[in-house]
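This report concerns only the one structure given below.
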Amino acid sequence: MIPRYQKILFAVLLVAALAMAGVLWHLRQRAHERLLEGQDSAPTKAPQVAPTEQAILLVANDADGSLLTQARSLPLPADPGARARVILGNLLDVYAVPDAAHPVAGGAAGIAQVFLMPAAGAKSGSSDELAVVNLSSGFVASHPSGLETETLTVLSICGTLHANLPQIKQVRFLVDGQERPNLAGHADLTRTYLTSDAAPTTGGSDQ
Amino acid sequence: MEKAATLALSVRLRSLLAARGMTVVTTRESDATVDPERRAEIANHARAAACLSLHATESGSGLHIFTSSLPPTEPGRFIPWKTAQASWITRSLALAGALNSALLKEGFNVTLSRTDLIGVDNMTCPALAIEIAPLRSADGKVTAEADDADYQAHVANTLATALLAWRLEAHP
């Protein structure tokens, strides 16, 4: 003989279990609907393809210590900082190909960011800018050691920046966001470089 | 590689200069690390007629001669440490020209450049950084590494002869 209070308890527990099952089913349905909505996240605006423009690269040559200008057609963003990064990335890609005249591994990934800011000591109203080039530690670690090769890398970066963004008059370097004493044992990375020191040697080519 | 190659070159050069009656002060005679500013202190203390900072690399070819890129200034009573070389730039460029001519005459591939280099920028003497790179053929193949004994001997002999001529010209 089952006592009456046990029958009532059983009935209450059964109703509670059925109610909880209903709530769980409802929650599952809602979660499923949310998931389907998330998958349908197609961009509302098509990504813009930057127009192709002419960029000038000052390409270093270890054989004679020269900086030669090369013109290239590249899709360039409008923002000057992003533009500088794309151009420098292309410059480092030139150095990363096999049999490059100035071989340095790493390519475009060597440039983490380029920040532009008003140049120190510039007169009021002047548009002179300082570019802070943040190199990746991987690029710096793989850079060959040598007075000439390191100097050429620094000068070609400075010259390329000035050739494409003439308002850049000064350049400083960081490595992974930190100041570093030198590139690979020689070229001083603690100083501010003047882009006027990085003039192309002679000649040039279009690619 | 650089430390061993530059030490070998400096020992050769020191011996050749000493044999020609010149007093030579070196910043290291063994596999030791000497701070660039300490090197400049040693050079300045010696009141040298010429200061050479020797380097070696696996990049490029031939010899790379660097003078400081500091703008020339007139020597004052007090010399700023960081730009001490500025007062000697004219004489440093003349020394670079003399060594360049001698090396070119011997058939070396030479590049002349200017750079900022801690150590050289602090020297109060006609100062150069000389970097020895591998010898390469016309197609870029290495024919002698920077630490090759014969190559180094040829370079050291040419530099010693040119430095002697430079000293005789400066102090006949």
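Identifiers in the structure tokens: chain A, B, ... in order shown; residue index from 1 per chain; ligand index from 1 in order shown.
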From a DSSP calculation on the backbone, collect every residue of segment 14-101 of chain B in strand (DSSP E) and output the set as a ChimeraX atom specification. /B:51-56,63-68
Which residues are near Asp99 of chain A? Cut-off 12 Å, only C-alpha atoms, ignore same chain within fewer than 3 positions. Put them as JSON, numbers by chain. {"A": [61, 62, 94, 95, 96, 102, 103, 104, 105], "B": [139, 140, 141]}
Any chance you could tabulate, as a tab-separated table, the residues of chain A at most 7 Å from chain B with each one's nearest atom pair and distance in Å to one decimal, using only C-alpha atoms, in chain and rising number order?
```
residue	atom	partner	partner_atom	distance
A:Asp62	CA	B:Gly60	CA	4.5
A:Ala63	CA	B:Gly60	CA	5.0
A:Asp64	CA	B:Thr111	CA	6.0
A:Gly65	CA	B:Thr111	CA	6.2
A:Ser145	CA	B:Thr57	CA	6.4
A:Gly146	CA	B:Thr57	CA	4.9
A:Leu147	CA	B:Glu131	CA	6.9
A:Glu148	CA	B:His64	CA	6.9
A:Thr149	CA	B:Ser59	CA	6.5
A:Ala187	CA	B:Leu117	CA	7.0
A:Asp188	CA	B:Leu117	CA	6.7
```
Export C-alpha atoms of the chosen residues as a PDB file, in the first residue's frame?
```
ATOM      1  CA  ASP A  62      75.114  44.552 -51.680  1.00  0.00           C
ATOM      2  CA  ALA A  63      77.506  44.186 -54.618  1.00  0.00           C
ATOM      3  CA  ASP A  64      78.168  47.915 -54.962  1.00  0.00           C
ATOM      4  CA  GLY A  65      76.427  49.399 -51.915  1.00  0.00           C
ATOM      5  CA  SER A 145      75.102  40.725 -39.760  1.00  0.00           C
ATOM      6  CA  GLY A 146      77.324  43.325 -41.405  1.00  0.00           C
ATOM      7  CA  LEU A 147      77.963  47.027 -41.466  1.00  0.00           C
ATOM      8  CA  GLU A 148      77.078  47.457 -45.129  1.00  0.00           C
ATOM      9  CA  THR A 149      74.088  45.128 -45.332  1.00  0.00           C
ATOM     10  CA  ALA A 187      73.227  49.606 -37.600  1.00  0.00           C
ATOM     11  CA  ASP A 188      72.164  51.822 -34.697  1.00  0.00           C
TER      12      ASP A 188
END
```
My list of candidates is B:Thr23, B:Ala8, B:His154, B:Trp88. Which is closest to Pro75 of chain B when distances are computed with only C-alpha atoms?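 Closest residue, counting only C-alpha atoms: B:Trp88.
Across the model, the gap from atom CA of Leu183 of chain A to atom CA of Ser92 of chain B is 25.0 Å.
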For segment 34-37 of chain B, find every residue with an atom within 12 Å (counting only C-alpha atoms), except residues of its own chain fewer than 3 positions away, and show them as a VMD selection string. (chain A and resid 185 to 186 188) or (chain B and resid 3 26 to 31 40 to 44 53 to 54 81 to 82 84 117 to 123 129)
Mind dumping the selected residues with C-alpha atoms as a CSV table (one decimal), in the first residue's frame?
```csv
chain,number,residue,atom,x,y,z
A,185,GLY,CA,75.0,44.0,-34.4
A,186,HIS,CA,75.9,47.2,-36.3
A,188,ASP,CA,72.2,51.8,-34.7
B,3,LYS,CA,85.0,38.1,-34.3
B,26,THR,CA,94.8,47.2,-30.6
B,27,THR,CA,91.6,47.0,-28.5
B,28,ARG,CA,91.7,43.2,-28.2
B,29,GLU,CA,94.3,40.5,-28.8
B,30,SER,CA,92.0,37.5,-28.0
B,31,ASP,CA,88.4,36.3,-28.3
B,40,ALA,CA,86.8,54.7,-28.7
B,41,GLU,CA,88.3,55.5,-25.3
B,42,ILE,CA,91.4,53.4,-26.0
B,43,ALA,CA,91.8,55.1,-29.5
B,44,ASN,CA,91.3,58.6,-28.0
B,53,SER,CA,87.5,49.7,-36.7
B,54,LEU,CA,87.6,46.3,-38.4
B,81,TRP,CA,81.3,62.5,-26.7
B,82,LYS,CA,78.5,61.4,-29.0
B,84,ALA,CA,83.4,63.7,-31.2
B,117,LEU,CA,78.4,53.9,-35.9
B,118,ILE,CA,78.8,54.0,-32.1
B,119,GLY,CA,82.5,53.9,-31.5
B,120,VAL,CA,83.7,55.5,-34.7
B,121,ASP,CA,81.4,58.5,-33.9
B,122,ASN,CA,83.2,58.9,-30.6
B,123,MET,CA,86.8,58.9,-31.9
B,129,ALA,CA,85.3,51.4,-40.2
```
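Taking atom CA of Asp147 of chain B and atom CA of Ala5 of chain B as the two end points, the separation is 4.9 Å.
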Considering only C-alpha atoms, state which residue in the set A:Gln113, A:Thr151, A:Ser196, A:Ser127 is at the smallest distance from Gln170 of chain A. A:Ser196
